[in-house]
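K.L.:
Supplied structure: structure.txt, compact mmCIF, C-alpha atoms and all ligand atoms.
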# COMPACT_ATOMS: atom_id res chain seq x y z
CA MET B 1 16.68 -14.49 26.23
CA THR B 2 14.22 -16.19 23.99
CA GLU B 3 13.46 -15.08 20.47
CA MET B 4 10.14 -13.67 21.61
CA GLU B 5 11.64 -11.68 24.47
CA THR B 6 14.17 -9.99 22.23
CA GLY B 7 11.56 -9.25 19.62
CA ALA B 8 13.74 -11.06 17.10
CA VAL B 9 12.20 -11.28 13.68
CA THR B 10 11.64 -14.69 12.19
CA ASP B 11 9.16 -16.31 9.86
CA ARG B 12 7.56 -17.68 12.97
CA THR B 13 6.68 -14.32 14.47
CA PRO B 14 3.25 -15.07 15.90
CA ASP B 15 0.14 -13.80 14.20
CA ALA B 16 -0.96 -12.03 17.33
CA VAL B 17 1.73 -9.43 16.80
CA THR B 18 -0.34 -6.56 15.53
CA ASP B 19 1.69 -3.55 16.48
CA PRO B 20 5.35 -2.90 17.05
CA VAL B 21 4.57 -2.39 20.71
CA GLN B 22 3.33 -5.92 20.84
CA VAL B 23 6.66 -7.36 19.91
CA GLU B 24 7.06 -7.16 23.65
CA ALA B 25 3.47 -7.97 24.49
CA VAL B 26 2.80 -11.08 22.55
CA VAL B 27 0.58 -14.10 22.65
CA ASP B 28 2.97 -16.80 21.51
CA ARG B 29 0.43 -19.35 20.31
CA ALA B 30 3.08 -21.84 19.27
CA ALA B 31 4.50 -21.95 22.77
CA GLY B 32 1.11 -21.53 24.42
CA ALA B 33 2.67 -18.69 26.38
CA VAL B 34 1.35 -15.27 27.15
CA VAL B 35 3.49 -12.25 27.80
CA ASP B 36 2.16 -8.87 28.82
CA ARG B 37 5.32 -7.00 29.45
CA VAL B 38 5.14 -3.31 28.79
CA THR B 39 8.46 -1.51 28.91
CA PRO B 40 8.09 2.21 28.32
CA ARG B 41 10.83 3.76 26.26
CA ARG B 42 13.25 5.82 28.25
CA GLY B 43 13.59 9.54 27.83
CA ARG B 44 11.06 12.19 27.03
CA PRO B 45 7.51 10.92 26.65
CA ALA B 46 6.44 10.95 23.04
CA GLN B 47 3.85 13.56 22.22
CA VAL B 48 0.54 12.42 20.95
CA GLY B 49 -1.77 14.38 18.73
CA ARG B 50 0.87 16.85 17.73
CA PRO B 51 -0.25 18.74 14.68
CA GLY B 52 2.21 19.78 12.02
CA ARG B 53 4.66 16.93 12.38
CA PRO B 54 7.94 18.09 10.83
CA VAL B 55 8.16 16.68 7.35
CA GLU B 56 11.25 14.56 6.90
CA PRO B 57 12.76 14.18 3.47
CA GLY B 58 12.55 10.96 1.47
CA PRO B 59 9.72 8.52 0.93
CA ALA B 60 7.69 6.91 3.72
CA VAL B 61 8.37 3.43 2.36
CA GLU B 62 10.76 2.24 -0.32
CA LEU B 63 10.93 -1.35 -1.50
CA THR B 64 13.59 -2.21 -4.07
CA GLY B 65 13.74 -5.61 -5.75
CA VAL B 66 12.13 -7.28 -2.76
CA THR B 67 11.77 -11.04 -2.78
CA LYS B 68 10.38 -13.18 -0.02
CA VAL B 69 10.81 -16.95 0.07
CA PHE B 70 9.38 -18.84 3.02
CA ASN B 71 11.04 -22.10 4.09
CA PRO B 72 13.80 -21.91 1.46
CA GLY B 73 15.25 -25.23 0.38
CA ARG B 74 12.50 -27.23 2.07
CA PRO B 75 9.70 -29.18 0.38
CA ASP B 76 7.23 -26.55 1.60
CA GLU B 77 9.22 -23.65 0.08
CA VAL B 78 6.95 -20.79 -1.03
CA THR B 79 7.99 -17.77 -3.05
CA ALA B 80 5.51 -15.21 -1.73
CA LEU B 81 6.94 -12.09 -3.44
CA ARG B 82 9.31 -11.58 -6.34
CA GLY B 83 11.01 -8.43 -7.57
CA VAL B 84 8.73 -5.93 -5.84
CA ASP B 85 9.61 -2.24 -6.33
CA LEU B 86 7.32 0.22 -4.57
CA THR B 87 7.72 3.73 -3.24
CA VAL B 88 5.13 5.31 -0.97
CA GLY B 89 5.52 9.06 -0.64
CA ARG B 90 5.07 10.98 2.60
CA GLY B 91 1.42 11.54 3.28
CA GLU B 92 0.42 9.25 0.45
CA PHE B 93 -2.38 6.67 0.75
CA VAL B 94 -1.57 3.48 -1.16
CA SER B 95 -3.76 0.37 -1.31
CA LEU B 96 -2.66 -3.15 -2.18
CA ILE B 97 -5.16 -5.39 -3.91
CA GLY B 98 -4.79 -8.85 -5.46
CA PRO B 99 -5.93 -12.45 -5.22
CA SER B 100 -5.77 -14.34 -1.95
CA GLY B 101 -2.25 -15.59 -1.24
CA CYS B 102 -0.50 -13.09 -3.54
CA GLY B 103 1.62 -11.73 -0.69
CA LYS B 104 -0.19 -8.58 0.45
CA SER B 105 0.10 -9.39 4.16
CA THR B 106 3.67 -10.53 3.63
CA LEU B 107 4.51 -7.20 2.02
CA LEU B 108 3.12 -5.33 5.04
CA ARG B 109 4.99 -7.62 7.40
CA LEU B 110 8.24 -6.90 5.56
CA VAL B 111 7.66 -3.16 5.93
CA ALA B 112 6.86 -3.68 9.62
CA ASP B 113 10.00 -5.85 9.99
CA LEU B 114 7.92 -8.72 11.34
CA VAL B 115 9.48 -11.00 8.71
CA PRO B 116 12.87 -10.50 7.02
CA ALA B 117 13.19 -10.08 3.25
CA THR B 118 15.02 -12.82 1.35
CA GLY B 119 16.35 -10.33 -1.19
CA GLY B 120 16.20 -6.63 -1.98
CA THR B 121 15.90 -3.73 0.42
CA VAL B 122 13.11 -2.34 2.58
CA ARG B 123 13.45 1.24 3.82
CA VAL B 124 11.00 3.01 6.08
CA ALA B 125 11.31 6.78 6.50
CA ASP B 126 14.91 6.66 5.30
CA ARG B 127 15.80 4.01 7.86
CA SER B 128 16.11 0.26 7.73
CA ALA B 129 12.82 -1.48 8.51
CA ARG B 130 14.48 -2.77 11.69
CA GLN B 131 15.39 0.70 12.88
CA ALA B 132 11.90 2.01 12.11
CA ARG B 133 10.37 -0.79 14.16
CA ARG B 134 12.66 0.02 17.08
CA GLU B 135 11.58 3.64 16.87
CA LEU B 136 7.89 2.60 16.85
CA ALA B 137 7.57 4.59 13.64
CA TYR B 138 4.27 3.08 12.59
CA GLY B 139 0.93 1.73 13.77
CA ILE B 140 -0.51 -1.53 12.55
CA ALA B 141 -4.01 -2.94 12.33
CA PHE B 142 -3.90 -6.46 10.93
CA GLN B 143 -6.38 -8.98 9.57
CA GLN B 144 -6.87 -10.46 13.03
CA ALA B 145 -7.69 -7.89 15.70
CA GLY B 146 -4.91 -9.33 17.89
CA LEU B 147 -6.20 -7.87 21.13
CA LEU B 148 -4.87 -8.92 24.49
CA ASP B 149 -7.71 -10.91 26.06
CA TRP B 150 -6.74 -10.07 29.61
CA ARG B 151 -6.87 -6.32 29.08
CA THR B 152 -10.03 -4.27 28.87
CA VAL B 153 -10.88 -2.42 25.67
CA THR B 154 -9.47 0.81 27.12
CA ARG B 155 -6.27 -0.85 28.25
CA ASN B 156 -5.79 -2.45 24.84
CA VAL B 157 -5.97 0.96 23.20
CA GLU B 158 -3.63 2.35 25.85
CA LEU B 159 -0.95 -0.26 25.28
CA PRO B 160 1.12 1.60 22.66
CA LEU B 161 0.74 4.79 24.71
CA GLU B 162 2.15 3.01 27.76
CA LEU B 163 5.14 1.98 25.68
CA ARG B 164 5.70 5.57 24.75
CA GLY B 165 5.68 6.52 28.41
CA LEU B 166 2.55 8.66 28.47
CA SER B 167 1.00 9.46 31.82
CA ARG B 168 -2.05 7.52 32.93
CA ARG B 169 -4.25 10.57 32.52
CA ASP B 170 -3.06 11.32 28.99
CA ARG B 171 -3.51 7.68 28.06
CA ARG B 172 -7.06 7.60 29.36
CA THR B 173 -7.96 10.82 27.53
CA LYS B 174 -6.53 9.60 24.25
CA ALA B 175 -8.09 6.13 24.57
CA ARG B 176 -11.52 7.68 25.24
CA GLU B 177 -11.15 9.92 22.19
CA MET B 178 -10.22 6.97 19.98
CA LEU B 179 -13.04 4.77 21.31
CA ASP B 180 -15.48 7.59 20.62
CA LEU B 181 -14.16 7.72 17.08
CA VAL B 182 -14.81 4.04 16.44
CA GLY B 183 -18.16 4.15 18.28
CA LEU B 184 -17.16 1.99 21.22
CA ALA B 185 -17.19 4.44 24.13
CA ASP B 186 -19.83 2.32 25.89
CA PHE B 187 -17.61 -0.74 25.79
CA ALA B 188 -14.48 0.77 27.31
CA GLY B 189 -14.53 -1.55 30.32
CA HIS B 190 -15.41 -4.72 28.42
CA TYR B 191 -12.97 -7.50 27.60
CA PRO B 192 -12.33 -8.50 23.96
CA ASP B 193 -14.21 -11.80 24.23
CA GLN B 194 -17.33 -9.83 25.18
CA LEU B 195 -17.28 -8.07 21.78
CA SER B 196 -18.28 -9.13 18.29
CA GLY B 197 -15.56 -9.66 15.68
CA GLY B 198 -16.29 -6.31 14.04
CA MET B 199 -16.14 -4.53 17.39
CA GLN B 200 -12.80 -6.16 18.19
CA GLN B 201 -11.51 -4.96 14.85
CA ARG B 202 -12.60 -1.42 15.69
CA VAL B 203 -10.64 -1.62 18.96
CA ALA B 204 -7.57 -2.66 16.95
CA ILE B 205 -8.09 0.33 14.64
CA ALA B 206 -8.44 2.66 17.64
CA ARG B 207 -5.19 1.24 19.03
CA ALA B 208 -3.35 1.72 15.73
CA LEU B 209 -4.51 5.34 15.45
CA ALA B 210 -3.97 6.23 19.12
CA VAL B 211 -0.31 7.13 18.69
CA ASP B 212 -0.78 9.24 15.56
CA PRO B 213 1.88 7.20 13.78
CA PRO B 214 3.59 8.80 10.77
CA LEU B 215 3.03 5.51 8.91
CA LEU B 216 -0.06 3.31 9.15
CA LEU B 217 0.00 -0.29 7.95
CA MET B 218 -3.50 -1.71 7.68
CA ASP B 219 -4.38 -5.22 6.57
CA GLU B 220 -8.08 -5.53 5.67
CA PRO B 221 -8.98 -3.59 8.80
CA PHE B 222 -12.58 -3.02 7.73
CA GLY B 223 -13.26 -6.52 6.37
CA ALA B 224 -15.42 -7.57 9.32
CA LEU B 225 -17.51 -4.39 9.50
CA ASP B 226 -21.03 -3.70 8.30
CA GLU B 227 -21.24 -1.46 5.23
CA MET B 228 -22.35 1.72 7.01
CA THR B 229 -19.69 1.48 9.72
CA ARG B 230 -17.16 0.68 7.05
CA GLU B 231 -17.97 3.80 5.01
CA ARG B 232 -17.95 5.97 8.12
CA LEU B 233 -14.56 4.64 9.22
CA GLN B 234 -13.18 5.08 5.70
CA ASP B 235 -14.09 8.75 5.88
CA GLU B 236 -12.68 9.08 9.40
CA LEU B 237 -9.46 7.38 8.34
CA LEU B 238 -9.04 9.76 5.40
CA ARG B 239 -9.75 12.74 7.64
CA ILE B 240 -7.19 11.61 10.22
CA CYS B 241 -4.54 10.82 7.61
CA ALA B 242 -5.03 14.11 5.78
CA GLY B 243 -5.06 16.10 9.03
CA LYS B 244 -1.84 14.59 10.32
CA GLY B 245 -0.01 13.93 7.07
CA THR B 246 0.01 10.19 7.78
CA SER B 247 1.34 7.85 5.09
CA THR B 248 -0.73 4.69 4.73
CA VAL B 249 -0.32 1.27 3.17
CA PHE B 250 -3.73 -0.39 3.17
CA VAL B 251 -4.60 -3.94 2.11
CA THR B 252 -8.12 -4.66 0.94
CA HIS B 253 -10.11 -7.10 -1.19
CA SER B 254 -12.66 -4.42 -2.01
CA ILE B 255 -12.12 -2.56 -5.27
CA PRO B 256 -14.45 0.35 -4.35
CA GLU B 257 -12.74 0.69 -0.97
CA ALA B 258 -9.29 0.76 -2.58
CA VAL B 259 -10.38 3.41 -5.09
CA TYR B 260 -12.22 5.56 -2.56
CA LEU B 261 -9.33 5.67 -0.09
CA SER B 262 -6.27 5.79 -2.25
CA ASP B 263 -4.00 8.09 -4.14
CA ARG B 264 -2.69 4.97 -5.89
CA VAL B 265 -3.92 1.38 -6.05
CA VAL B 266 -1.22 -1.27 -6.39
CA VAL B 267 -2.57 -4.32 -8.21
CA MET B 268 -0.71 -7.56 -7.51
CA SER B 269 -0.63 -10.88 -9.35
CA ALA B 270 -1.15 -14.35 -7.92
CA ARG B 271 1.82 -16.09 -6.32
CA PRO B 272 4.60 -15.33 -6.60
CA GLY B 273 3.24 -11.89 -5.89
CA ARG B 274 4.38 -9.19 -8.28
CA ILE B 275 3.09 -5.73 -8.98
CA VAL B 276 1.24 -5.85 -12.30
CA GLU B 277 -0.04 -2.30 -12.38
CA ILE B 278 -0.26 0.82 -10.27
CA VAL B 279 -3.49 2.74 -10.87
CA ASP B 280 -3.45 6.46 -10.11
CA VAL B 281 -6.67 7.71 -8.56
CA ALA B 282 -7.43 11.38 -8.95
CA LEU B 283 -10.73 11.91 -7.17
CA GLY B 284 -9.75 15.06 -5.31
CA GLU B 285 -11.32 15.71 -1.94
CA ARG B 286 -13.77 12.95 -1.00
CA THR B 287 -17.29 14.21 -0.38
CA GLU B 288 -20.81 12.79 -0.17
CA ALA B 289 -20.94 12.89 -3.97
CA THR B 290 -17.70 10.99 -4.57
CA ARG B 291 -19.17 7.50 -4.25
CA GLN B 292 -21.70 8.32 -6.94
CA SER B 293 -19.32 10.12 -9.28
CA ASN B 294 -18.31 8.98 -12.76
CA ALA B 295 -14.65 9.37 -11.85
CA PHE B 296 -15.13 6.93 -8.97
CA PHE B 297 -16.77 4.33 -11.23
CA ALA B 298 -14.05 4.85 -13.85
CA GLY B 299 -11.41 4.16 -11.17
CA ILE B 300 -13.22 0.96 -10.18
CA THR B 301 -13.29 -0.19 -13.79
CA ARG B 302 -9.57 0.47 -14.22
CA VAL B 303 -8.64 -1.52 -11.13
CA ARG B 304 -11.00 -4.34 -12.11
CA GLN B 305 -9.38 -4.52 -15.54
CA ALA B 306 -5.92 -4.57 -14.00
CA LEU B 307 -7.00 -7.41 -11.70
CA ARG B 308 -8.24 -9.49 -14.61
CA GLY B 309 -5.79 -12.24 -15.39
CA THR B 310 -4.40 -12.22 -11.87
CA SER B 311 -6.61 -15.05 -10.61
CA PRO B 312 -4.74 -18.10 -9.28
CA GLU B 313 -5.96 -20.16 -12.27
CA ALA B 314 -4.36 -17.79 -14.78
CA PRO B 315 -1.01 -18.85 -16.24
CA ALA B 316 1.98 -17.22 -14.48
N1 LIG B 401 4.93 -17.64 7.89
C1 LIG B 401 4.75 -18.24 6.71
N2 LIG B 401 5.34 -19.42 6.43
C2 LIG B 401 5.20 -20.02 5.23
N3 LIG B 401 4.46 -19.51 4.22
C3 LIG B 401 3.84 -18.35 4.44
C4 LIG B 401 3.94 -17.64 5.68
N4 LIG B 401 3.21 -16.50 5.59
C5 LIG B 401 2.68 -16.51 4.36
N5 LIG B 401 3.06 -17.60 3.67
C6 LIG B 401 2.70 -17.92 2.28
O1 LIG B 401 3.00 -16.79 1.47
C7 LIG B 401 1.99 -16.59 0.50
C8 LIG B 401 1.43 -15.19 0.64
O2 LIG B 401 0.71 -15.10 1.86
P1 LIG B 401 0.02 -13.75 2.34
O3 LIG B 401 -0.57 -14.03 3.67
O4 LIG B 401 1.00 -12.66 2.25
O5 LIG B 401 -1.12 -13.56 1.24
P2 LIG B 401 -2.26 -12.45 1.14
O6 LIG B 401 -2.13 -11.79 -0.19
O7 LIG B 401 -2.24 -11.58 2.33
O8 LIG B 401 -3.59 -13.36 1.14
P3 LIG B 401 -5.06 -13.02 1.71
O9 LIG B 401 -5.69 -12.09 0.73
O10 LIG B 401 -5.74 -14.37 1.70
O11 LIG B 401 -4.91 -12.45 3.09
C9 LIG B 401 0.95 -17.70 0.72
O12 LIG B 401 1.23 -18.74 -0.17
C10 LIG B 401 1.21 -18.16 2.13
O13 LIG B 401 0.91 -19.52 2.28
MG MG B 402 -3.53 -11.30 3.93
Mind turning this structure into structure tokens?
P.N.:
Amino acid sequence: MTEMETGAVTDRTPDAVTDPVQVEAVVDRAAGAVVDRVTPRRGRPAQVGRPGRPVEPGPAVELTGVTKVFNPGRPDEVTALRGVDLTVGRGEFVSLIGPSGCGKSTLLRLVADLVPATGGTVRVADRSARQARRELAYGIAFQQAGLLDWRTVTRNVELPLELRGLSRRDRRTKAREMLDLVGLADFAGHYPDQLSGGMQQRVAIARALAVDPPLLLMDEPFGALDEMTRERLQDELLRICAGKGTSTVFVTHSIPEAVYLSDRVVVMSARPGRIVEIVDVALGERTEATRQSNAFFAGITRVRQALRGTSPEAPA
């Protein structure tokens, strides 16, 4: 079996991997190969949309002393992360913000077990990151939409549901609901290359949310969206996460977005990425008034101040 077929985790895991389900449905750009192999898990079909998920003890994510070095010992060695300690509680919404190249995507990939840590430990829901990936314990929407070009919009959203062994009818119903949510119901039968970049990103978000994962890992998912769509999806995301008790790790370059969405904003320094400050946000329930509130602006100022001195030009 090849590395790709086994879903083995290496630094060369292709970018198109956007969801644990896609470890087995991958566009391997390096090899120029395309695999669309959906293998439903055996056993009882997973339930989707179940309210009141039993709360398991322990944090959703726990990183202890995590270091990530790419290409160790080679001339192109890069220390992407050093000494990262971070705990994300169950149901908590945590954003990562920091200069380009500071290791935000790498941190998400470590949690998702798409790259291995060089040092330290990564635990997800009291399991190893590897075990959590095997159990499809999270949904991912990454910087690139990572859609499968040969599947329609509906069938892209259905992919993780197929892996969980849901019936065709249940998959269709759930996919329609999710496409409604992201405003793409009219494009259900289109192919990804018939959509704009922002629309493709919304399909990826619909796919990540379709399985109601206990943990959501999102890497600048709203970066390509217009401001109004972005604000609407922020509110929808918060509503979904609060309703289902979802824990979320969310990467963004937008300070207002980080503050609006989060319980805590993790501010990272330029490479090698370290956590320089964790800003608590206490805005209470988000309403129409939140974006104009003094507390919101105060949160923005605090994150901006924490980010100061983290630019790549600043001394390490
Ligand atoms: N597969 C890889 N092989 C080698 N180096 C890598 C790999 N992935 C990331 N890096 C390096 O690790 C560092 C952190 O990259 P990462 O993509 O995590 O940054 P980021 O904070 O997400 O940046 P951005 O905000 O631009 O998305 C960068 O220097 C990058 O070049
Ligand atoms: Mg990134």
K.L.:
So which residues are near ligand LIG 401 (chain B), meaning at most 6 Å away with only C-alpha atoms and all ligand atoms counted, given back as a PyMOL selection string?
P.N.:
chain B and resi 11-12+70+78+80+99-106
K.L.:
Smallest atom-to-atom distance to ligand MG 402 (chain B): which of B:Gly198, B:Gly120, B:Gly98, B:Gly146, using all atoms listed in the file?
P.N.:
B:Gly98
K.L.:
I'd like to know which of B:Lys68, B:Arg109, B:Arg74, B:Arg127 is closest to ligand MG 402 (chain B), using all atoms listed in the file.
P.N.:
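Result for the nearest residue to ligand MG 402 (chain B): B:Arg109.
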K.L.:
Point out the residue among B:Arg271, B:Arg239, B:His253, B:Arg155 with the least atom-to-atom distance to ligand MG 402 (chain B), counting all atoms listed in the file.
P.N.:
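Going through B:Arg271, B:Arg239, B:His253, B:Arg155 one by one, the smallest distance to ligand MG 402 (chain B) is for B:His253.
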K.L.:
Suppose you want the space between atom CA of B:Asn294 and atom CA of B:Asp235; what is it in Å?
P.N.:
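For atom CA of B:Asn294 relative to atom CA of B:Asp235, the distance reads 19.1 Å.
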K.L.:
Between B:Val153, B:Ala242, B:Leu225, B:Ala289, which has the minimum distance to B:Gln194 (counting only C-alpha atoms)?
P.N.:
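Under the stated criterion, the closest residue is B:Val153.
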K.L.:
Rebuild stretch 169-181 of chain B so that it carries N, CA and C atoms, then output the result as a JSON list (two decimals), in the frame of the given file.
P.N.:
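Done, and the output landed in selection18.json:
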[["chain", "number", "residue", "atom", "x", "y", "z"],
["B", 169, "ARG", "N", -3.15, 9.67, 32.89],
["B", 169, "ARG", "CA", -4.25, 10.57, 32.52],
["B", 169, "ARG", "C", -4.28, 10.83, 31.01],
["B", 170, "ASP", "N", -3.12, 11.08, 30.44],
["B", 170, "ASP", "CA", -3.06, 11.32, 28.99],
["B", 170, "ASP", "C", -3.51, 10.08, 28.21],
["B", 171, "ARG", "N", -3.12, 8.92, 28.74],
["B", 171, "ARG", "CA", -3.51, 7.68, 28.06],
["B", 171, "ARG", "C", -5.02, 7.52, 28.07],
["B", 172, "ARG", "N", -5.60, 7.74, 29.25],
["B", 172, "ARG", "CA", -7.06, 7.60, 29.36],
["B", 172, "ARG", "C", -7.78, 8.55, 28.41],
["B", 173, "THR", "N", -7.31, 9.80, 28.38],
["B", 173, "THR", "CA", -7.96, 10.82, 27.53],
["B", 173, "THR", "C", -7.89, 10.40, 26.08],
["B", 174, "LYS", "N", -6.70, 9.97, 25.65],
["B", 174, "LYS", "CA", -6.53, 9.60, 24.25],
["B", 174, "LYS", "C", -7.34, 8.35, 23.91],
["B", 175, "ALA", "N", -7.35, 7.37, 24.83],
["B", 175, "ALA", "CA", -8.09, 6.13, 24.57],
["B", 175, "ALA", "C", -9.58, 6.44, 24.45],
["B", 176, "ARG", "N", -10.09, 7.33, 25.30],
["B", 176, "ARG", "CA", -11.52, 7.68, 25.24],
["B", 176, "ARG", "C", -11.84, 8.33, 23.89],
["B", 177, "GLU", "N", -10.95, 9.23, 23.47],
["B", 177, "GLU", "CA", -11.15, 9.92, 22.19],
["B", 177, "GLU", "C", -11.20, 8.91, 21.03],
["B", 178, "MET", "N", -10.29, 7.96, 21.06],
["B", 178, "MET", "CA", -10.22, 6.97, 19.98],
["B", 178, "MET", "C", -11.43, 6.03, 20.00],
["B", 179, "LEU", "N", -11.88, 5.66, 21.21],
["B", 179, "LEU", "CA", -13.04, 4.77, 21.31],
["B", 179, "LEU", "C", -14.31, 5.49, 20.88],
["B", 180, "ASP", "N", -14.37, 6.78, 21.15],
["B", 180, "ASP", "CA", -15.48, 7.59, 20.62],
["B", 180, "ASP", "C", -15.49, 7.53, 19.10],
["B", 181, "LEU", "N", -14.31, 7.69, 18.54],
["B", 181, "LEU", "CA", -14.16, 7.72, 17.08],
["B", 181, "LEU", "C", -14.69, 6.45, 16.43]]
